[in-house]
$ cat input-v1.cif   # mmCIF, C-alpha atoms
data_start
loop_
_atom_site.label_atom_id
_atom_site.label_comp_id
_atom_site.auth_asym_id
_atom_site.auth_seq_id
_atom_site.Cartn_x
_atom_site.Cartn_y
_atom_site.Cartn_z
CA MET A 74 83.66 111.71 105.38
CA ALA A 75 81.85 115.03 105.09
CA ALA A 76 79.02 115.72 107.48
CA PRO A 77 75.94 113.70 106.51
CA VAL A 78 72.46 115.11 106.28
CA ALA A 79 71.07 115.61 109.76
CA ASP A 80 69.46 112.40 110.98
CA MET A 81 65.80 113.34 111.02
CA VAL A 82 65.73 116.46 108.90
CA PRO A 83 65.49 115.74 105.19
CA THR A 84 67.48 117.68 102.65
CA ALA A 85 66.25 118.56 99.19
CA PHE A 86 68.10 117.03 96.25
CA ARG A 87 67.41 117.96 92.67
CA VAL A 88 66.76 115.26 90.10
CA VAL A 89 69.24 115.87 87.27
CA ASP A 90 68.75 112.65 85.36
CA ARG A 91 66.21 109.86 85.33
CA ARG A 92 66.72 106.63 83.44
CA ARG A 93 64.46 103.64 83.03
CA GLU A 94 66.36 100.46 83.91
CA THR A 95 63.55 97.90 83.53
CA ALA A 96 59.79 98.00 83.11
CA ASP A 97 59.27 99.07 86.72
CA THR A 98 62.69 100.25 87.87
CA TRP A 99 64.30 103.67 87.48
CA SER A 100 67.64 105.20 88.32
CA LEU A 101 67.59 108.77 89.53
CA GLU A 102 70.69 110.93 89.64
CA LEU A 103 70.49 113.67 92.23
CA GLU A 104 72.50 116.73 93.15
CA PRO A 105 74.24 117.78 95.26
CA PRO A 106 76.37 114.68 95.86
CA LEU A 107 76.16 112.96 99.22
CA PRO A 108 79.27 111.29 100.67
CA PHE A 109 78.52 107.66 101.53
CA GLU A 110 80.06 104.24 101.85
CA PRO A 111 78.99 101.35 99.60
CA GLY A 112 76.00 99.56 101.09
CA GLN A 113 74.52 102.55 102.88
CA PHE A 114 71.01 103.83 102.25
CA THR A 115 68.96 106.97 102.53
CA MET A 116 65.38 107.53 103.58
CA LEU A 117 64.01 108.95 100.36
CA ALA A 118 60.74 110.70 99.63
CA ALA A 119 58.92 112.52 96.90
CA GLY A 120 57.13 115.07 99.06
CA GLY A 121 53.82 113.94 100.46
CA ALA A 122 53.94 110.35 99.25
CA GLY A 123 55.83 108.83 102.17
CA GLU A 124 59.42 107.96 102.89
CA VAL A 125 61.18 104.71 102.03
CA PRO A 126 64.66 103.30 102.60
CA VAL A 127 66.57 103.09 99.35
CA SER A 128 70.12 101.87 98.98
CA ILE A 129 72.52 104.18 97.22
CA SER A 130 73.42 102.63 93.89
CA GLY A 131 75.94 105.03 92.39
CA ASP A 132 79.68 105.40 92.39
CA PRO A 133 80.94 106.26 95.89
CA ASP A 134 83.60 108.40 94.23
CA GLY A 135 81.13 109.99 91.84
CA ASP A 136 79.67 113.48 91.86
CA ARG A 137 75.99 112.59 92.08
CA LEU A 138 73.75 110.75 94.49
CA VAL A 139 72.25 107.84 92.58
CA HIS A 140 69.30 105.71 93.60
CA THR A 141 67.80 102.82 91.68
CA VAL A 142 64.20 102.36 92.71
CA ARG A 143 61.58 99.82 91.85
CA ALA A 144 58.07 101.25 91.65
CA VAL A 145 56.02 98.91 93.82
CA GLY A 146 53.95 101.24 96.00
CA ALA A 147 52.77 104.82 96.38
CA ALA A 148 56.05 106.19 97.73
CA THR A 149 58.31 104.42 95.23
CA ARG A 150 55.99 105.23 92.32
CA ALA A 151 56.17 108.90 93.25
CA ILE A 152 59.97 108.74 93.47
CA CYS A 153 60.28 106.95 90.15
CA GLY A 154 58.00 109.51 88.56
CA ALA A 155 60.16 112.46 89.59
CA GLU A 156 61.21 114.22 86.41
CA PRO A 157 64.53 116.08 86.10
CA GLY A 158 64.29 119.42 87.83
CA ARG A 159 62.06 118.14 90.59
CA ALA A 160 63.20 117.89 94.18
CA LEU A 161 63.32 114.74 96.26
CA LEU A 162 63.89 114.68 100.00
CA ALA A 163 66.51 112.45 101.56
CA ARG A 164 67.86 111.69 105.00
CA GLY A 165 71.10 109.86 105.50
CA PRO A 166 73.27 108.17 104.55
CA PHE A 167 72.53 105.49 107.12
CA GLY A 168 73.63 101.99 107.95
CA VAL A 169 76.61 99.71 108.16
CA PRO A 170 78.35 99.50 104.77
CA TRP A 171 79.89 96.56 102.95
CA PRO A 172 83.26 95.68 104.52
CA THR A 173 85.27 96.95 101.56
CA GLU A 174 88.35 97.76 103.65
CA SER A 175 88.50 94.71 105.90
CA ILE A 176 88.30 92.37 102.91
CA GLU A 177 91.27 93.89 101.11
CA GLY A 178 93.51 91.14 99.84
CA ALA A 179 90.66 88.68 99.33
CA ASP A 180 89.03 87.42 96.17
CA VAL A 181 85.56 88.91 96.19
CA LEU A 182 82.47 87.24 94.82
CA PHE A 183 79.39 89.42 94.38
CA VAL A 184 76.08 87.60 94.13
CA ALA A 185 73.16 89.82 93.18
CA GLY A 186 69.54 88.88 92.68
CA GLY A 187 67.15 91.20 90.89
CA ILE A 188 67.34 94.77 92.10
CA GLY A 189 69.77 93.55 94.77
CA LEU A 190 72.45 94.51 92.30
CA ALA A 191 71.74 98.16 93.09
CA PRO A 192 73.08 98.10 96.68
CA LEU A 193 76.07 96.07 95.51
CA ARG A 194 77.01 98.33 92.63
CA PRO A 195 78.80 100.96 94.75
CA ALA A 196 80.95 98.21 96.26
CA ILE A 197 81.68 96.72 92.83
CA LEU A 198 82.68 100.14 91.52
CA ARG A 199 84.83 100.85 94.59
CA LEU A 200 86.65 97.53 94.38
CA ARG A 201 87.20 97.77 90.65
CA ALA A 202 88.56 101.29 91.08
CA ARG A 203 91.02 99.93 93.65
CA SER A 204 91.52 96.55 92.07
CA GLU A 205 95.18 96.40 93.06
CA ARG A 206 94.02 95.91 96.65
CA TYR A 207 91.90 92.84 95.88
CA GLY A 208 92.25 89.48 94.24
CA ARG A 209 89.79 88.22 91.67
CA ILE A 210 86.53 90.21 91.54
CA THR A 211 83.59 88.21 90.23
CA VAL A 212 80.02 89.36 89.72
CA LEU A 213 77.06 86.99 89.43
CA HIS A 214 73.63 88.39 88.67
CA GLY A 215 70.31 86.58 88.56
CA ALA A 216 67.02 88.06 87.44
CA ARG A 217 63.52 86.97 86.56
CA THR A 218 63.82 87.50 82.82
CA PRO A 219 66.49 88.90 80.48
CA ASP A 220 64.84 92.32 80.31
CA GLN A 221 65.05 92.60 84.09
CA LEU A 222 68.82 92.30 84.27
CA LEU A 223 70.04 95.59 85.71
CA TYR A 224 72.79 97.78 84.29
CA PRO A 225 73.44 95.56 81.23
CA GLU A 226 76.31 97.68 79.92
CA GLN A 227 78.15 97.55 83.22
CA LEU A 228 77.48 93.82 83.55
CA GLU A 229 79.22 93.43 80.21
CA ARG A 230 82.15 95.56 81.33
CA TRP A 231 82.46 93.58 84.53
CA SER A 232 82.31 90.26 82.63
CA ALA A 233 79.49 89.37 84.98
CA GLU A 234 77.89 85.95 84.79
CA ARG A 235 74.17 86.36 84.22
CA ILE A 236 71.30 83.94 84.66
CA VAL A 237 67.53 84.34 84.44
CA ASP A 238 64.65 82.29 85.82
CA SER A 239 62.98 82.01 82.45
CA ALA A 240 63.45 83.28 78.93
CA GLY A 241 62.23 83.12 75.40
CA PRO A 242 64.09 81.17 72.73
CA ASP A 243 65.99 84.25 71.54
CA TRP A 244 67.93 84.49 74.82
CA ARG A 245 71.38 82.97 74.38
CA GLY A 246 72.47 83.21 77.99
CA ARG A 247 71.89 80.98 80.98
CA VAL A 248 68.51 80.00 82.37
CA GLY A 249 68.21 78.74 85.93
CA VAL A 250 68.76 80.06 89.42
CA VAL A 251 71.69 82.08 90.65
CA THR A 252 72.90 79.21 92.85
CA LYS A 253 73.73 77.38 89.64
CA LEU A 254 76.31 80.05 88.89
CA ILE A 255 77.80 79.62 92.35
CA ASP A 256 78.20 75.91 91.71
CA ARG A 257 80.31 76.57 88.64
CA VAL A 258 82.19 79.82 89.12
CA PRO A 259 85.98 79.38 89.35
CA MET A 260 87.12 80.30 92.85
CA ASP A 261 89.59 79.57 95.59
CA PRO A 262 87.30 79.20 98.60
CA THR A 263 90.15 79.71 101.05
CA SER A 264 90.68 83.27 99.86
CA THR A 265 87.15 84.26 98.81
CA VAL A 266 84.69 86.54 100.55
CA ALA A 267 81.13 86.70 99.20
CA LEU A 268 78.85 89.73 99.26
CA LEU A 269 75.18 88.89 98.64
CA CYS A 270 72.17 91.05 98.01
CA GLY A 271 68.80 90.10 96.67
CA PRO A 272 65.54 88.59 97.79
CA GLU A 273 65.97 86.93 101.17
CA ALA A 274 64.91 83.55 99.81
CA MET A 275 67.60 83.78 97.17
CA MET A 276 70.25 84.60 99.76
CA ARG A 277 69.14 81.70 101.93
CA PHE A 278 69.68 79.36 99.00
CA ALA A 279 72.89 81.05 97.96
CA ALA A 280 74.61 80.87 101.34
CA PRO A 281 74.48 77.04 101.54
CA ALA A 282 75.62 76.86 97.92
CA LEU A 283 78.62 78.96 98.89
CA GLU A 284 79.25 76.80 101.92
CA ALA A 285 79.20 73.74 99.67
CA ARG A 286 81.99 75.42 97.71
CA GLY A 287 83.94 75.97 100.94
CA ILE A 288 83.00 79.57 101.76
CA THR A 289 81.77 79.47 105.31
CA ALA A 290 79.06 81.74 106.70
CA ASP A 291 81.59 83.94 108.49
CA ARG A 292 82.97 84.99 105.10
CA VAL A 293 79.57 85.72 103.60
CA TYR A 294 77.99 89.15 103.97
CA VAL A 295 74.38 89.93 103.19
CA SER A 296 72.34 93.11 102.95
CA LEU A 297 68.96 92.69 104.61
CA GLU A 298 65.74 94.57 104.33
CA ARG A 299 62.89 95.05 106.75
CA ASN A 300 60.26 97.67 107.37
CA MET A 301 62.48 100.65 108.13
CA GLN A 302 60.72 103.78 109.32
CA CYS A 303 63.14 106.06 111.11
CA GLY A 304 66.41 104.81 109.65
CA ILE A 305 68.35 105.57 112.81
CA GLY A 306 67.49 102.80 115.26
CA ARG A 307 64.80 104.65 117.20
CA CYS A 308 61.46 103.24 116.14
CA GLY A 309 62.18 99.51 116.21
CA HIS A 310 60.16 98.62 113.14
CA CYS A 311 63.08 96.91 111.45
CA GLN A 312 64.06 94.70 114.36
CA LEU A 313 65.41 91.26 113.51
CA GLY A 314 66.16 89.34 116.68
CA PRO A 315 68.59 91.51 118.62
CA GLU A 316 69.46 93.59 115.59
CA LEU A 317 67.94 96.71 114.14
CA ILE A 318 68.48 96.49 110.42
CA CYS A 319 68.77 100.24 109.91
CA ARG A 320 71.29 100.76 112.68
CA ASP A 321 73.18 97.47 112.93
CA GLY A 322 72.85 96.68 109.22
CA PRO A 323 71.70 96.54 106.54
CA VAL A 324 74.95 94.68 105.91
CA PHE A 325 75.56 91.75 108.22
CA ARG A 326 77.88 88.82 108.36
CA TYR A 327 75.64 85.90 107.40
CA ALA A 328 76.86 83.83 110.34
CA ASP A 329 75.49 86.50 112.69
CA VAL A 330 71.95 86.63 111.29
CA GLU A 331 71.40 83.20 109.78
CA ARG A 332 69.56 81.95 112.87
CA TRP A 333 66.99 84.75 112.69
CA LEU A 334 66.07 84.48 109.04
CA GLY A 335 64.00 81.34 109.41
CA VAL A 336 61.99 82.55 112.40
CA ARG A 337 58.35 83.21 111.63
CA GLU A 338 56.83 86.61 112.33
CA LEU A 339 60.26 88.04 113.12
CA MET B 40 86.45 63.13 92.81
CA ALA B 41 84.50 60.63 90.73
CA THR B 42 81.94 62.10 88.38
CA ILE B 43 78.94 60.46 86.86
CA ALA B 44 80.91 59.99 83.65
CA ASP B 45 83.12 57.49 85.47
CA HIS B 46 80.12 55.24 86.03
CA LEU B 47 78.45 55.37 82.65
CA VAL B 48 78.79 52.59 80.10
CA GLY B 49 79.41 53.03 76.40
CA GLY B 50 78.85 56.41 74.88
CA ALA B 51 79.26 57.93 71.46
CA ASP B 52 80.54 61.40 70.73
CA VAL B 53 78.02 63.58 68.93
CA ARG B 54 77.93 67.19 67.74
CA PHE B 55 75.04 69.56 67.33
CA ALA B 56 75.06 72.83 65.44
CA THR B 57 73.37 75.86 66.91
CA GLY B 58 69.63 75.35 66.72
CA ASP B 59 69.77 71.58 66.30
CA HIS B 60 67.57 69.51 68.56
CA LEU B 61 69.04 66.80 70.76
CA PHE B 62 65.54 65.55 71.48
CA ARG B 63 61.96 66.65 71.04
CA THR B 64 58.96 66.55 73.32
CA GLY B 65 57.04 63.29 73.02
CA ASP B 66 59.73 61.32 71.26
CA VAL B 67 60.94 58.07 72.80
CA ALA B 68 63.54 58.74 75.47
CA ASP B 69 65.93 55.83 75.32
CA HIS B 70 69.15 57.79 75.69
CA PHE B 71 70.69 60.82 77.35
CA TYR B 72 73.64 63.14 76.91
CA LEU B 73 76.64 64.29 78.86
CA ILE B 74 77.45 67.76 77.55
CA ARG B 75 81.16 68.13 76.96
CA HIS B 76 81.12 71.61 75.48
CA GLY B 77 78.29 73.96 74.64
CA THR B 78 74.86 74.93 75.85
CA VAL B 79 71.57 73.07 75.62
CA ALA B 80 68.25 74.78 76.32
CA LEU B 81 65.29 72.84 77.63
CA ASP B 82 62.27 74.31 75.88
CA LEU B 83 58.66 73.94 76.88
CA VAL B 84 55.99 75.10 74.46
CA ALA B 85 53.06 76.60 76.30
CA GLY B 86 50.34 78.77 74.89
CA GLY B 87 51.90 78.24 71.51
CA ARG B 88 55.14 79.91 72.56
CA PRO B 89 58.41 78.27 73.51
CA HIS B 90 59.85 79.06 76.92
CA VAL B 91 63.38 78.19 77.98
CA ILE B 92 63.05 76.67 81.42
CA GLU B 93 66.70 75.82 81.98
CA THR B 94 70.00 75.79 80.19
CA LEU B 95 72.55 73.04 80.62
CA HIS B 96 76.28 73.45 80.20
CA ASP B 97 79.63 71.69 80.16
CA GLY B 98 79.68 68.65 82.40
CA GLU B 99 75.93 68.49 82.89
CA ILE B 100 73.52 65.69 82.00
CA ALA B 101 70.74 66.40 79.51
CA GLY B 102 67.90 63.95 79.79
CA PHE B 103 66.15 62.17 82.62
CA SER B 104 63.07 60.91 80.81
CA TRP B 105 64.77 57.62 79.94
CA LEU B 106 64.73 56.67 83.62
CA PHE B 107 60.98 56.49 84.14
CA ASP B 108 57.75 55.61 82.38
CA PRO B 109 56.52 56.58 79.87
CA HIS B 110 60.10 57.07 78.61
CA ARG B 111 59.21 60.02 76.45
CA TRP B 112 60.88 63.42 76.42
CA LEU B 113 59.00 66.06 78.39
CA PHE B 114 60.87 68.99 76.87
CA ASP B 115 62.69 69.89 73.71
CA GLY B 116 66.46 69.87 74.05
CA ARG B 117 67.96 72.48 71.73
CA ALA B 118 71.59 73.41 71.14
CA VAL B 119 71.97 77.11 71.89
CA ASP B 120 75.58 77.02 70.72
CA ASP B 121 77.52 74.50 68.73
CA THR B 122 77.54 71.67 71.22
CA GLU B 123 79.64 68.57 71.73
CA ALA B 124 78.22 65.78 73.85
CA THR B 125 78.48 62.12 74.57
CA MET B 126 75.29 60.17 73.96
CA PHE B 127 74.60 57.18 76.18
CA LEU B 128 71.99 54.52 75.52
CA ALA B 129 69.72 53.78 78.44
CA ALA B 130 69.82 50.07 77.74
CA ASP B 131 73.60 50.00 78.23
CA GLN B 132 73.58 51.46 81.71
CA ARG B 133 73.97 49.59 84.97
CA LEU B 134 71.58 51.31 87.32
CA ASP B 135 73.55 50.41 90.39
CA GLY B 136 73.74 52.42 93.59
CA GLU B 137 76.57 54.66 92.48
CA VAL B 138 74.91 55.66 89.22
CA MET B 139 71.60 56.26 90.96
CA ARG B 140 73.31 58.28 93.67
CA HIS B 141 74.76 60.59 91.04
CA PHE B 142 71.46 60.94 89.21
CA ALA B 143 69.63 61.53 92.49
CA ALA B 144 72.09 64.28 93.40
CA ILE B 145 71.49 65.97 90.06
CA ALA B 146 67.73 65.55 90.45
CA VAL B 147 67.77 67.03 93.97
CA SER B 148 69.82 69.98 92.78
CA ARG B 149 67.37 70.66 89.98
CA LEU B 150 64.40 70.19 92.29
CA GLN B 151 65.80 72.81 94.66
CA ALA B 152 66.40 75.15 91.75
CA ALA B 153 62.84 74.59 90.53
CA ARG B 154 61.49 75.36 94.00
CA LEU B 155 63.42 78.59 94.07
CA GLN B 156 62.09 79.48 90.62
CA LEU B 157 58.57 78.67 91.78
CA LEU B 158 58.94 81.17 94.59
CA ASP B 159 59.37 83.83 91.91
CA VAL B 160 61.54 85.74 94.35
CA TYR B 161 62.36 88.48 91.88
CA GLY B 162 58.71 89.08 91.17
CA SER B 163 57.84 90.05 94.73
CA ALA B 164 58.22 93.58 96.00
CA GLY B 165 61.71 94.40 97.10
CA ARG B 166 64.08 97.20 97.66
#
$ encode --input "input-v1.cif" --output "structure tokens"
Amino acid sequence: MAAPVADMVPTAFRVVDRRRETADTWSLELEPPLPFEPGQFTMLAAGGAGEVPVSISGDPDGDRLVHTVRAVGAATRAICGAEPGRALLARGPFGVPWPTESIEGADVLFVAGGIGLAPLRPAILRLRARSERYGRITVLHGARTPDQLLYPEQLERWSAERIVDSAGPDWRGRVGVVTKLIDRVPMDPTSTVALLCGPEAMMRFAAPALEARGITADRVYVSLERNMQCGIGRCGHCQLGPELICRDGPVFRYADVERWLGVREL
Amino acid sequence: MATIADHLVGGADVRFATGDHLFRTGDVADHFYLIRHGTVALDLVAGGRPHVIETLHDGEIAGFSWLFDPHRWLFDGRAVDDTEATMFLAADQRLDGEVMRHFAAIAVSRLQAARLQLLDVYGSAGR
């Protein structure tokens, strides 16, 4: 891998494309490209509005750095508002990536909830580009409503199963929770590894649903999120039990973090 | 593994074209369906607008209102696709332990799903 951006010194990236994904979510394509592994994140900022951790959502073999960001606060609103030509500042890439190499040979089940599809997309693209190294690749995506399903064209291309929490009568797809897809998706549990990303509550429902299908917690990987500040394991803000999410994660084997997820104030 | 279908009595095959209603809110619920092929949406009209609260698919049961008072449908059941189902009459069923165990398992599964929906996890701030 080429040398990453220095740990604490941000580098300027130019916005070359900006696309609205949903009512409050935007994808920004930046140059120059930044070498990364699927699942890694950067600390991203629109100057003066604060820095936030954002997973990289583009193709790991692509020629642009892509972030998909939901505008929920001052920093993310400023990032999402960055027009082409403007500069954003990024540090990284940081974090432990999805185990794309160690799971070669397995069937891979991706379970994405909401904008959790963004951190999974680089892994999906990597595995599909090297599909001869993997078994069946399945993508499940749950969202609040049909218009909040991310990357609809790619979902179609991936033959992804989609489900939404609620919909109007014109929606012809599934309505329910993403665990319902897990209950029904064809799989051989003995050869399947699951990669999950989404709201923590969703993942905590999804993991038992996977276990009920025979996929034990040691073959389930999750991407977690906490209040990351430094991104490099120095400040301690993102501590979860003995782990620092930014340094030891954000990708963890579910069996290793399950015990911490139900602890209050942790 | 035994399914609920193994414990149900009677049953008549029925077909619904896209848009047909299997049942409507307020009507007497004296039967239920096992969906063999297709999709059924459970619609709730609120504020004058219909909302799909769940879709049901192959192998799933549509209809619980026959089990309890007042035995009236709480939702509309609408065929989203051309749907084939088996209709069972409530009066024919033996509500023994095995049947109730199956229905309870389905009810618990849907309760957990409803709880997760209530959390509105996708609506909260996230990455």
$ resolve_selection --input "input-v1.cif" --expression "the PyMOL selection byres ((chain B) within 9 of (chain A))" --output "list in words"
Thr78, Ala80, Asp82, Arg88, Pro89, His90, Val91, Ile92, Glu93, Thr94, Leu95, His96, Val119, Asp120, Ser148, Gln151, Ala152, Ala153, Leu155, Gln156, Leu158, Asp159, Val160, Tyr161, Gly162, Ser163, Ala164, Gly165 and Arg166 of chain B
$ residues_around --input "input-v1.cif" --residues "Val67 of chain B" --least-positions-apart "6" --cutoff "8 Å" --atoms "only C-alpha atoms" --output "PDB file with C-alpha atoms, in the frame of the given file"
ATOM      1  CA  HIS B 110      60.100  57.070  78.610  1.00  0.00           C
ATOM      2  CA  ARG B 111      59.210  60.020  76.450  1.00  0.00           C
ATOM      3  CA  TRP B 112      60.880  63.420  76.420  1.00  0.00           C
TER       4      TRP B 112
END
$ residues_around --input "input-v1.cif" --residues "Ala196 of chain A" --least-positions-apart "3" --cutoff "7 Å" --atoms "only C-alpha atoms" --output "ChimeraX atom specification"
/A:111,171,173,193,199-200
$ axis_aligned_box --input "input-v1.cif" --around "segment 91-106 of chain B" --padding-each-side "5 Å" --output "JSON"
{"center_x": 71.4, "center_y": 67.4, "center_z": 80.8, "size_x": 26.6, "size_y": 31.5, "size_z": 15.6}
$ atom_distance --input "input-v1.cif" --atom1 "atom CA of Thr125 of chain B" --atom2 "atom CA of Asp45 of chain B"
12.7 Å
$ atom_distance --input "input-v1.cif" --atom1 "atom CA of Pro219 of chain A" --atom2 "atom CA of Glu110 of chain A"
29.6 Å
$ closest_residue --input "input-v1.cif" --among "A:Ile152, A:Ala122, A:Ile318, A:Leu107" --to "Arg137 of chain A" --atoms "all atoms listed in the file"
A:Leu107
$ atom_distance --input "input-v1.cif" --atom1 "atom CA of Arg154 of chain B" --atom2 "atom CA of Arg337 of chain A"
19.6 Å
$ residues_near_point --input "input-v1.cif" --point "(93.5, 90.7, 97.8)" --cutoff "7 Å" --atoms "only C-alpha atoms" --output "PyMOL selection string"
chain A and resi 177-180+206-208
$ closest_residue --input "input-v1.cif" --among "B:Phe142, B:Phe114, B:Phe107, B:Phe127" --to "Asp52 of chain B" --atoms "all atoms listed in the file"
B:Phe127
$ closest_residue --input "input-v1.cif" --among "B:Val147, B:Leu157, B:Ile43, B:Ala101" --to "Thr122 of chain B" --atoms "only C-alpha atoms"
B:Ala101
$ resolve_selection --input "input-v1.cif" --expression "the PyMOL selection byres ((chain B and resi 129) around 6)" --output "ChimeraX atom specification"
/B:69-70,128,130-132
$ write_last_selection --input "input-v1.cif" --atoms "C-alpha atoms" --output "JSON list (two decimals), keeping the file's coordinate frame"
[["chain", "number", "residue", "atom", "x", "y", "z"],
["B", 69, "ASP", "CA", 65.93, 55.83, 75.32],
["B", 70, "HIS", "CA", 69.15, 57.79, 75.69],
["B", 128, "LEU", "CA", 71.99, 54.52, 75.52],
["B", 130, "ALA", "CA", 69.82, 50.07, 77.74],
["B", 131, "ASP", "CA", 73.60, 50.00, 78.23],
["B", 132, "GLN", "CA", 73.58, 51.46, 81.71]]
